[in-house]
file protein-v8.cif (mmCIF, C-alpha atoms)
data_entry
#
loop_
_atom_site.label_atom_id
_atom_site.label_comp_id
_atom_site.auth_asym_id
_atom_site.auth_seq_id
_atom_site.Cartn_x
_atom_site.Cartn_y
_atom_site.Cartn_z
CA MET B 206 0.00 0.00 0.00
CA LEU B 207 2.76 2.42 0.93
CA ALA B 208 4.67 1.64 -2.26
CA ALA B 209 1.62 2.24 -4.45
CA THR B 210 0.74 5.47 -2.65
CA VAL B 211 4.25 6.94 -2.71
CA ARG B 212 4.19 6.63 -6.49
CA ILE B 213 1.42 9.26 -6.46
CA THR B 214 2.46 11.55 -3.61
CA ARG B 215 6.27 11.51 -3.96
CA GLU B 216 6.18 12.39 -0.27
CA LEU B 217 6.73 9.69 2.35
CA ASP B 218 4.89 11.38 5.23
CA LEU B 219 1.84 12.13 3.08
CA ALA B 220 1.78 8.57 1.76
CA GLU B 221 1.93 7.18 5.31
CA GLU B 222 -0.96 9.42 6.35
CA CYS B 223 -3.06 8.27 3.39
CA VAL B 224 -2.37 4.62 4.17
CA GLN B 225 -3.42 5.14 7.80
CA GLU B 226 -6.56 6.96 6.67
CA ALA B 227 -7.38 4.02 4.41
CA TYR B 228 -7.21 1.66 7.40
CA VAL B 229 -9.51 3.97 9.38
CA ALA B 230 -11.93 4.08 6.44
CA ALA B 231 -11.88 0.27 6.26
CA LEU B 232 -12.70 -0.07 9.96
CA ASP B 233 -15.70 2.21 9.44
CA ALA B 234 -16.95 0.83 6.11
CA TRP B 235 -16.43 -2.85 6.86
CA SER B 236 -18.24 -2.63 10.18
CA ARG B 237 -21.35 -1.40 8.32
CA GLU B 238 -21.05 -3.25 5.01
CA GLU B 239 -19.87 -6.62 3.76
CA ILE B 240 -16.10 -7.03 3.79
CA PRO B 241 -14.89 -6.93 0.16
CA ALA B 242 -13.56 -10.09 -1.45
CA ASN B 243 -10.21 -8.43 -2.22
CA THR B 244 -9.42 -6.42 0.89
CA GLY B 245 -5.93 -5.54 -0.32
CA ALA B 246 -7.21 -3.97 -3.54
CA TRP B 247 -9.86 -2.03 -1.59
CA LEU B 248 -7.24 -0.61 0.77
CA VAL B 249 -4.79 0.31 -1.99
CA THR B 250 -7.52 2.01 -4.04
CA THR B 251 -8.73 3.96 -1.00
CA ALA B 252 -5.21 5.07 -0.08
CA ARG B 253 -4.54 6.21 -3.65
CA ARG B 254 -7.83 8.17 -3.74
CA LYS B 255 -6.98 9.89 -0.50
CA ALA B 256 -3.56 10.74 -1.92
CA LEU B 257 -5.14 12.28 -5.00
CA ASP B 258 -7.57 14.23 -2.80
CA ALA B 259 -4.66 15.54 -0.73
CA LEU B 260 -2.77 16.61 -3.85
CA ARG B 261 -5.86 18.39 -5.20
CA ARG B 262 -6.29 20.28 -1.93
CA ASP B 263 -2.62 21.23 -1.97
CA ARG B 264 -2.86 22.51 -5.56
CA VAL B 265 -5.89 24.62 -4.72
CA MET B 266 -4.24 26.13 -1.65
CA LYS B 267 -1.18 27.04 -3.69
CA SER B 268 -3.21 28.64 -6.47
CA LYS B 269 -4.21 32.24 -6.63
CA LEU B 270 -7.06 33.48 -4.44
CA PRO B 271 -9.65 33.65 -7.26
CA LEU B 272 -9.26 29.94 -7.81
CA LEU B 273 -10.43 29.32 -4.25
CA VAL B 274 -13.93 30.62 -5.09
CA ALA B 275 -14.09 29.71 -8.77
CA ASP B 276 -15.79 26.55 -9.91
CA VAL B 277 -12.60 24.99 -11.27
CA ASP B 278 -11.91 21.28 -11.58
CA VAL B 279 -8.36 20.96 -10.28
CA GLU B 280 -7.16 17.58 -11.50
CA ALA B 281 -4.29 15.94 -9.66
CA THR B 282 -2.30 13.49 -11.70
CA PRO B 283 0.84 11.63 -10.75
CA VAL B 284 4.12 13.12 -11.90
CA ALA B 285 5.43 11.24 -14.91
CA GLU B 286 8.14 8.75 -14.04
CA ALA B 287 11.31 8.15 -15.95
CA PRO B 288 11.45 4.66 -17.48
CA SER B 289 12.74 2.12 -14.99
CA SER B 290 13.58 -1.57 -15.11
CA ILE B 291 12.30 -2.02 -11.53
CA HIS B 292 8.70 -3.22 -11.81
CA ASP B 293 8.02 -4.71 -8.38
CA ASP B 294 6.43 -2.10 -6.08
CA ARG B 295 8.21 -3.36 -2.95
CA LEU B 296 11.61 -3.25 -4.61
CA ARG B 297 10.83 0.17 -6.12
CA LEU B 298 10.02 1.57 -2.69
CA ILE B 299 13.23 0.17 -1.18
CA PHE B 300 15.23 1.87 -3.93
CA MET B 301 13.29 5.09 -3.32
CA CYS B 302 14.08 5.07 0.40
CA CYS B 303 17.77 4.32 -0.18
CA HIS B 304 18.26 7.89 -1.35
CA PRO B 305 21.87 9.15 -1.61
CA ALA B 306 20.93 12.43 0.11
CA LEU B 307 20.77 10.40 3.36
CA ASN B 308 23.81 8.72 4.89
CA ALA B 309 24.07 4.96 4.43
CA SER B 310 22.89 3.96 7.92
CA ALA B 311 19.90 6.33 7.72
CA GLN B 312 18.91 4.90 4.34
CA VAL B 313 18.93 1.37 5.69
CA ALA B 314 17.24 2.17 9.01
CA LEU B 315 14.47 4.23 7.41
CA THR B 316 13.76 1.57 4.81
CA LEU B 317 13.62 -1.21 7.39
CA ARG B 318 11.17 0.81 9.48
CA LEU B 319 8.87 2.16 6.79
CA VAL B 320 9.01 -0.44 4.04
CA CYS B 321 9.74 -3.65 5.90
CA GLY B 322 7.87 -2.88 9.13
CA VAL B 323 10.80 -3.81 11.39
CA ARG B 324 10.37 -2.34 14.89
CA THR B 325 12.62 0.50 16.00
CA PRO B 326 14.06 -1.54 18.95
CA ASP B 327 14.96 -4.35 16.55
CA ILE B 328 16.64 -1.94 14.12
CA ALA B 329 18.57 -0.47 17.04
CA LYS B 330 19.86 -3.93 17.96
CA ALA B 331 20.94 -4.54 14.38
CA PHE B 332 22.96 -1.32 14.42
CA LEU B 333 24.29 -1.92 17.96
CA VAL B 334 22.82 1.34 19.31
CA SER B 335 20.18 2.18 21.91
CA GLU B 336 16.51 2.46 21.00
CA PRO B 337 16.38 6.26 21.73
CA THR B 338 19.43 6.79 19.52
CA MET B 339 17.84 4.90 16.64
CA ALA B 340 14.49 6.68 17.11
CA ALA B 341 16.31 10.02 16.91
CA ARG B 342 18.12 8.94 13.74
CA LEU B 343 14.86 7.94 12.08
CA THR B 344 13.26 11.26 13.05
CA ARG B 345 16.22 13.24 11.70
CA ALA B 346 16.13 11.28 8.43
CA LYS B 347 12.43 11.99 7.90
CA LYS B 348 12.91 15.67 8.75
CA LYS B 349 15.77 15.93 6.27
CA ILE B 350 13.58 14.42 3.58
CA ALA B 351 10.82 16.93 4.31
CA LEU B 352 13.00 20.04 4.71
CA ALA B 353 15.19 19.32 1.70
CA HIS B 354 12.15 18.37 -0.43
CA ILE B 355 13.86 15.15 -1.46
CA PRO B 356 11.71 13.67 -4.25
CA PHE B 357 10.58 10.10 -3.72
CA ARG B 358 10.77 8.71 -7.19
CA VAL B 359 12.06 5.49 -8.66
CA PRO B 360 15.73 6.00 -9.57
CA ARG B 361 16.62 6.03 -13.24
CA ASP B 362 18.44 2.94 -14.44
CA ALA B 363 21.73 4.84 -14.42
CA GLU B 364 21.20 5.69 -10.72
CA VAL B 365 20.42 2.15 -9.60
CA PRO B 366 24.01 0.83 -9.15
CA SER B 367 24.89 3.53 -6.60
CA ARG B 368 22.00 2.39 -4.39
CA VAL B 369 22.52 -1.37 -4.66
CA ASP B 370 24.74 -1.75 -1.58
CA ALA B 371 22.19 -0.09 0.71
CA VAL B 372 19.37 -2.15 -0.84
CA LEU B 373 21.34 -5.36 -0.24
CA THR B 374 21.89 -4.35 3.39
CA VAL B 375 18.16 -3.78 3.83
CA ILE B 376 17.29 -7.17 2.35
CA HIS B 377 19.95 -8.91 4.44
CA LEU B 378 18.76 -7.32 7.70
CA LEU B 379 15.16 -8.17 6.81
CA PHE B 380 16.19 -11.80 6.37
CA THR B 381 18.17 -11.70 9.64
CA ALA B 382 15.07 -10.45 11.48
CA GLY B 383 13.28 -13.56 10.21
CA HIS B 384 16.13 -16.04 10.62
CA THR B 385 16.20 -15.35 14.35
CA ALA B 386 13.23 -13.24 15.39
CA PRO B 387 14.28 -10.44 17.77
CA HIS B 388 11.19 -11.04 19.92
CA GLY B 389 8.19 -13.34 20.25
CA THR B 390 7.67 -16.99 21.07
CA ASP B 391 9.01 -18.54 17.86
CA LEU B 392 12.70 -18.74 17.01
CA THR B 393 12.11 -17.71 13.40
CA ARG B 394 9.73 -15.76 11.18
CA ALA B 395 9.53 -17.60 7.89
CA ASP B 396 7.45 -14.82 6.29
CA LEU B 397 10.30 -12.33 6.60
CA GLN B 398 12.84 -14.85 5.30
CA VAL B 399 10.72 -15.69 2.26
CA ARG B 400 10.05 -12.00 1.57
CA ALA B 401 13.78 -11.22 1.68
CA ILE B 402 14.63 -14.13 -0.61
CA ASP B 403 11.93 -13.04 -3.08
CA LEU B 404 13.31 -9.50 -3.15
CA ALA B 405 16.84 -10.81 -3.73
CA ARG B 406 15.60 -12.98 -6.60
CA LEU B 407 13.92 -9.96 -8.20
CA LEU B 408 17.09 -7.93 -7.83
CA TYR B 409 19.26 -10.74 -9.21
CA ALA B 410 16.97 -11.04 -12.23
CA LEU B 411 17.32 -7.28 -12.72
CA MET B 412 21.14 -7.29 -12.38
CA PRO B 413 22.33 -10.88 -12.96
CA GLY B 414 25.99 -9.91 -13.33
CA GLU B 415 26.31 -8.37 -9.87
CA ARG B 416 28.41 -10.73 -7.70
CA GLU B 417 27.19 -9.37 -4.37
CA ILE B 418 23.54 -9.78 -5.30
CA GLY B 419 24.20 -13.42 -6.16
CA GLY B 420 26.20 -13.73 -2.95
CA LEU B 421 23.37 -12.39 -0.81
CA LEU B 422 20.81 -14.64 -2.49
CA ALA B 423 23.11 -17.63 -1.93
CA LEU B 424 23.69 -16.69 1.71
CA MET B 425 19.97 -16.53 2.42
CA LEU B 426 19.16 -19.71 0.51
CA VAL B 427 21.81 -21.73 2.32
CA ASN B 428 20.86 -20.42 5.76
CA HIS B 429 17.12 -20.82 5.13
CA ALA B 430 17.77 -24.40 3.97
CA ARG B 431 18.46 -25.36 7.60
CA GLN B 432 15.09 -24.01 8.78
CA ALA B 433 13.49 -27.40 9.55
CA GLY B 434 16.39 -28.52 11.73
CA ARG B 435 16.80 -25.40 13.86
CA THR B 436 14.00 -26.25 16.29
CA ASP B 437 12.59 -29.46 17.71
CA ALA B 438 8.96 -30.58 17.74
CA ASP B 439 8.29 -28.31 20.73
CA GLY B 440 9.83 -25.26 19.06
CA ARG B 441 12.96 -25.33 21.20
CA LEU B 442 16.25 -24.15 19.73
CA VAL B 443 18.57 -26.86 18.39
CA LEU B 444 22.24 -25.93 18.05
CA LEU B 445 24.03 -26.51 14.75
CA GLN B 446 26.03 -29.45 16.11
CA ASP B 447 22.83 -31.21 17.19
CA GLN B 448 20.69 -30.59 14.10
CA ASP B 449 19.38 -33.44 11.97
CA ARG B 450 21.07 -32.70 8.65
CA SER B 451 18.68 -34.95 6.77
CA THR B 452 15.98 -32.30 7.29
CA TRP B 453 17.97 -29.63 5.45
CA ASP B 454 16.78 -28.48 2.02
CA ARG B 455 19.48 -29.87 -0.29
CA THR B 456 17.91 -28.25 -3.38
CA ALA B 457 18.28 -24.78 -1.86
CA ILE B 458 21.84 -25.57 -0.75
CA ALA B 459 22.72 -26.73 -4.28
CA GLU B 460 21.27 -23.52 -5.77
CA GLY B 461 23.30 -21.47 -3.31
CA HIS B 462 26.41 -23.48 -4.20
CA THR B 463 25.94 -22.68 -7.89
CA LEU B 464 25.52 -18.96 -7.16
CA ILE B 465 28.64 -18.88 -4.96
CA ASP B 466 30.74 -20.69 -7.56
CA ALA B 467 29.65 -18.19 -10.22
CA ALA B 468 30.41 -15.23 -7.95
CA LEU B 469 33.86 -16.53 -6.99
CA ARG B 470 34.78 -17.16 -10.62
CA SER B 471 33.77 -13.65 -11.73
CA GLY B 472 36.08 -11.61 -9.49
CA PRO B 473 37.21 -10.77 -5.93
CA PRO B 474 34.54 -11.69 -3.36
CA GLY B 475 32.74 -9.05 -1.37
CA ARG B 476 31.12 -9.28 2.07
CA PHE B 477 28.03 -11.23 1.00
CA VAL B 478 29.90 -13.71 -1.19
CA LEU B 479 32.33 -14.41 1.68
CA GLN B 480 29.51 -14.89 4.19
CA ALA B 481 27.76 -17.19 1.73
CA ALA B 482 30.94 -19.25 1.32
CA ILE B 483 31.16 -19.65 5.11
CA ALA B 484 27.51 -20.70 5.32
CA LEU B 485 28.06 -23.19 2.50
CA LEU B 486 30.94 -24.87 4.33
CA HIS B 487 28.63 -25.43 7.30
CA ALA B 488 25.81 -26.68 5.09
CA THR B 489 27.87 -29.12 3.04
CA ALA B 490 29.84 -30.70 5.89
CA PRO B 491 28.56 -34.29 6.35
CA THR B 492 28.77 -33.88 10.14
CA TYR B 493 29.53 -31.09 12.57
CA ASP B 494 32.83 -32.70 13.54
CA SER B 495 33.96 -32.82 9.91
CA THR B 496 33.37 -29.08 9.35
CA ASP B 497 36.40 -27.38 7.79
CA TRP B 498 36.94 -24.87 10.58
CA VAL B 499 40.39 -23.90 9.31
CA GLN B 500 38.97 -22.73 5.99
CA ILE B 501 36.08 -21.00 7.76
CA LEU B 502 38.57 -19.09 9.91
CA GLN B 503 40.52 -18.12 6.79
CA LEU B 504 37.33 -16.83 5.17
CA TYR B 505 36.55 -14.80 8.30
CA ASP B 506 40.06 -13.32 8.15
CA THR B 507 39.35 -12.19 4.61
CA LEU B 508 35.87 -10.97 5.51
CA ARG B 509 37.09 -8.72 8.31
CA ARG B 510 39.52 -7.07 5.89
CA VAL B 511 36.77 -6.53 3.31
CA TRP B 512 34.11 -5.55 5.86
CA PRO B 513 35.47 -4.56 9.30
CA SER B 514 32.66 -5.13 11.77
CA PRO B 515 32.38 -6.14 15.44
CA VAL B 516 29.74 -8.72 14.47
CA VAL B 517 32.23 -10.30 12.07
CA GLU B 518 34.82 -10.37 14.87
CA LEU B 519 32.35 -12.09 17.19
CA ASN B 520 31.44 -14.72 14.62
CA ARG B 521 35.13 -15.20 13.82
CA ALA B 522 35.75 -15.86 17.52
CA VAL B 523 33.51 -18.93 17.32
CA ALA B 524 35.64 -20.33 14.49
CA LEU B 525 38.82 -19.29 16.32
CA ALA B 526 37.72 -21.37 19.33
CA MET B 527 37.29 -24.42 17.13
CA VAL B 528 40.76 -24.03 15.59
CA HIS B 529 42.90 -22.61 18.41
CA GLY B 530 40.81 -23.31 21.51
CA PRO B 531 38.38 -21.35 23.72
CA GLU B 532 41.08 -19.37 25.55
CA ALA B 533 42.15 -17.56 22.36
CA ALA B 534 38.55 -16.85 21.44
CA LEU B 535 37.71 -15.59 24.94
CA ARG B 536 40.34 -12.87 24.68
CA VAL B 537 38.67 -11.62 21.49
CA VAL B 538 35.19 -11.68 23.02
CA GLU B 539 36.34 -9.79 26.11
CA ARG B 540 37.77 -7.05 23.87
CA LEU B 541 34.38 -6.77 22.15
CA GLU B 542 32.30 -6.49 25.32
CA GLU B 543 32.45 -2.72 25.69
CA GLU B 544 32.02 -2.00 21.98
CA MET B 545 29.02 -4.33 21.71
CA ASP B 546 27.42 -3.65 25.08
CA GLY B 547 23.75 -4.64 24.90
CA TYR B 548 24.22 -7.19 22.10
CA GLN B 549 22.97 -10.44 23.62
CA TYR B 550 25.19 -12.76 21.59
CA VAL B 551 28.39 -11.42 23.16
CA PRO B 552 27.62 -12.73 26.68
CA ALA B 553 26.03 -15.85 25.15
CA VAL B 554 29.26 -16.70 23.27
CA LYS B 555 31.31 -15.75 26.33
CA GLY B 556 29.25 -18.09 28.48
CA GLU B 557 29.85 -20.99 26.12
CA LEU B 558 33.59 -20.34 26.01
CA LEU B 559 33.80 -20.09 29.81
CA ARG B 560 31.81 -23.30 30.17
CA ARG B 561 34.28 -25.09 27.89
CA LEU B 562 37.07 -23.81 30.13
CA ASP B 563 35.28 -25.22 33.21
CA ARG B 564 34.82 -21.70 34.64
CA PHE B 565 31.24 -22.44 35.51
CA GLU B 566 30.39 -19.56 37.87
CA GLU B 567 31.64 -17.00 35.34
CA ALA B 568 29.78 -18.84 32.57
CA ALA B 569 26.54 -18.66 34.58
CA ALA B 570 26.99 -14.90 35.04
CA ALA B 571 27.50 -14.47 31.30
CA TYR B 572 24.42 -16.55 30.49
CA ARG B 573 22.34 -14.48 32.94
CA ARG B 574 23.54 -11.30 31.23
CA ALA B 575 22.53 -12.75 27.84
CA LEU B 576 19.16 -13.71 29.30
CA ASP B 577 18.57 -10.12 30.44
CA LEU B 578 19.20 -8.88 26.89
CA THR B 579 17.15 -11.49 25.02
CA ASP B 580 13.48 -11.05 24.06
CA ASN B 581 13.01 -14.17 21.94
CA GLU B 582 11.38 -16.89 24.06
CA ALA B 583 13.06 -19.78 22.22
CA GLU B 584 16.49 -18.28 22.89
CA ARG B 585 15.54 -17.53 26.49
CA ALA B 586 14.55 -21.17 26.98
CA TYR B 587 17.93 -22.28 25.64
CA LEU B 588 19.83 -19.90 27.96
CA ASN B 589 17.79 -21.12 30.93
CA ASP B 590 18.71 -24.68 29.98
CA GLN B 591 22.39 -23.72 30.04
CA LEU B 592 21.99 -22.18 33.47
CA SER B 593 20.38 -25.37 34.80
CA LEU B 594 23.24 -27.63 33.65
#
call {"tool": "encode", "arguments": {"input": "protein-v8.cif", "output": "structure tokens"}}
result
Amino acid sequence: MLAATVRITRELDLAEECVQEAYVAALDAWSREEIPANTGAWLVTTARRKALDALRRDRVMKSKLPLLVADVDVEATPVAEAPSSIHDDRLRLIFMCCHPALNASAQVALTLRLVCGVRTPDIAKAFLVSEPTMAARLTRAKKKIALAHIPFRVPRDAEVPSRVDAVLTVIHLLFTAGHTAPHGTDLTRADLQVRAIDLARLLYALMPGEREIGGLLALMLVNHARQAGRTDADGRLVLLQDQDRSTWDRTAIAEGHTLIDAALRSGPPGRFVLQAAIALLHATAPTYDSTDWVQILQLYDTLRRVWPSPVVELNRAVALAMVHGPEAALRVVERLEEEMDGYQYVPAVKGELLRRLDRFEEAAAAYRRALDLTDNEAERAYLNDQLSL
């Protein structure tokens, strides 16, 4: 609805208002009349009509005074768009929101909030900042759009490549929010994962030669392939080493493998291709014990040069523990604690490393800290299990 309405208004705030008004109109109309067969079409049509009405009012107010009393039919029509190869409304809106007038983090955060419906607290966790800080960033971004009169239009084909990296980040974080849900009773949200994969497929069809697009699609396919094995019949979290690998989707893994091979052959790997290669090594190992941890660590070493990130360092620490032991990994995690304060996976990893070192009291304290920071009930149940051991 928002995507369809923005195409008329070219203003994000106005489009949001029209969408909200359409929901209000539906609550009123549907309580008195029969609910339409196609509720989505009814809502989109209503939002678009309200947008046109708002544009007409705005044109009248901006006209000369005689027009306010004259019987004039002021017709509001959408501004003509430049030809674009992006035909999917969801993907169009993501490209619109990833506007170069905003800094990269603001582009991604705003798009996640407005287009993907990710909650502000969950976006804050993804960016390793507090919720008030993220809320302020979102407010500043929207104000900048309004004050600078940034036009919300689909970028011309020549402008698309400069926005691809931000769009990939949005799609990746949307998938991450589904792969392990930041809150709720279920470990995952399959709807967000499928939506992200669909968007990546659309983007890959649009730009099939882009290595990083293929890398992101491969990364998501390979990780989503393990979906059936990540929880047991009661919905409880199952660690990678305990998962039944016969439940994994081998077709999706094979597709991811093909995409990764193509990306690696076409040039130097970027951050998504490298992450996909790491995921593939996990997915193709016959057993957990036979996983090639040395190669995984080497890939993480390359990844942190290509994409320096504390999250990469934390994930690398897990591989480091498997190759060089938990003591070496613990030193890395302890260095990350201050920088990643509030990120629940830091104390969770620390607790596991301390447990392996038989430092059980310290491990319990770390698990309790992780528990305080975790809102997902499946993860909380796992942490409670660790505390009861």
call {"tool": "resolve_selection", "arguments": {"input": "protein-v8.cif", "expression": "the PyMOL selection byres ((chain B and resi 509-512) around 12)", "output": "list in words"}}
result
Pro473, Pro474, Gly475, Arg476, Phe477, Val478, Leu479, Gln480, Leu502, Gln503, Leu504, Tyr505, Asp506, Thr507, Leu508, Pro513, Ser514, Pro515, Val516, Val517, Glu518, Leu519, Asn520, Arg521 and Ala522 of chain B
call {"tool": "atom_distance", "arguments": {"input": "protein-v8.cif", "atom1": "atom CA of Leu442 of chain B", "atom2": "atom CA of Ala481 of chain B"}}
result
22.5 Å
call {"tool": "closest_residue", "arguments": {"input": "protein-v8.cif", "among": "B:Arg254, B:Arg295, B:His377, B:Arg318", "to": "Ala220 of chain B", "atoms": "only C-alpha atoms"}}
result
B:Arg254
call {"tool": "atom_distance", "arguments": {"input": "protein-v8.cif", "atom1": "atom CA of Lys347 of chain B", "atom2": "atom CA of Val323 of chain B"}}
result
16.3 Å
call {"tool": "resolve_selection", "arguments": {"input": "protein-v8.cif", "expression": "the PyMOL selection byres ((chain B and resi 393-408) around 10)", "output": "PyMOL selection string"}}
result
chain B and resi 291-293+295-296+299+321+323+369+372-373+375-392+409-413+415+418-426+428-429+432+435-436+440+442+581+583
call {"tool": "resolve_selection", "arguments": {"input": "protein-v8.cif", "expression": "the PyMOL selection byres ((chain B and resi 523) around 10)", "output": "CSV table (one decimal) with C-alpha atoms, keeping the file's coordinate frame"}}
result
chain,number,residue,atom,x,y,z
B,498,TRP,CA,36.9,-24.9,10.6
B,502,LEU,CA,38.6,-19.1,9.9
B,518,GLU,CA,34.8,-10.4,14.9
B,519,LEU,CA,32.4,-12.1,17.2
B,520,ASN,CA,31.4,-14.7,14.6
B,521,ARG,CA,35.1,-15.2,13.8
B,522,ALA,CA,35.8,-15.9,17.5
B,524,ALA,CA,35.6,-20.3,14.5
B,525,LEU,CA,38.8,-19.3,16.3
B,526,ALA,CA,37.7,-21.4,19.3
B,527,MET,CA,37.3,-24.4,17.1
B,528,VAL,CA,40.8,-24.0,15.6
B,530,GLY,CA,40.8,-23.3,21.5
B,531,PRO,CA,38.4,-21.4,23.7
B,534,ALA,CA,38.6,-16.8,21.4
B,535,LEU,CA,37.7,-15.6,24.9
B,537,VAL,CA,38.7,-11.6,21.5
B,538,VAL,CA,35.2,-11.7,23.0
B,554,VAL,CA,29.3,-16.7,23.3
B,555,LYS,CA,31.3,-15.8,26.3
B,557,GLU,CA,29.8,-21.0,26.1
B,558,LEU,CA,33.6,-20.3,26.0
call {"tool": "atom_distance", "arguments": {"input": "protein-v8.cif", "atom1": "atom CA of Val249 of chain B", "atom2": "atom CA of Cys223 of chain B"}}
result
9.8 Å
call {"tool": "residues_near_point", "arguments": {"input": "protein-v8.cif", "point": "(18.1, -29.5, 16.4)", "cutoff": "6 Å", "atoms": "only C-alpha atoms", "output": "PyMOL selection string"}}
result
chain B and resi 434-437+443-444+447-448
call {"tool": "residues_around", "arguments": {"input": "protein-v8.cif", "residues": "Lys255 of chain B", "least_positions_apart": "5", "cutoff": "12 Å", "atoms": "only C-alpha atoms", "output": "PyMOL selection string"}}
result
chain B and resi 210-211+213-214+219-230+248-250+260-262+281
call {"tool": "residues_near_point", "arguments": {"input": "protein-v8.cif", "point": "(28.7, -22.2, 3.9)", "cutoff": "9 Å", "atoms": "only C-alpha atoms", "output": "list in words"}}
result
Leu424, Val427, Asn428, Ile458, His462, Leu479, Gln480, Ala481, Ala482, Ile483, Ala484, Leu485, Leu486, His487, Ala488, Thr489, Ala490 and Ile501 of chain B
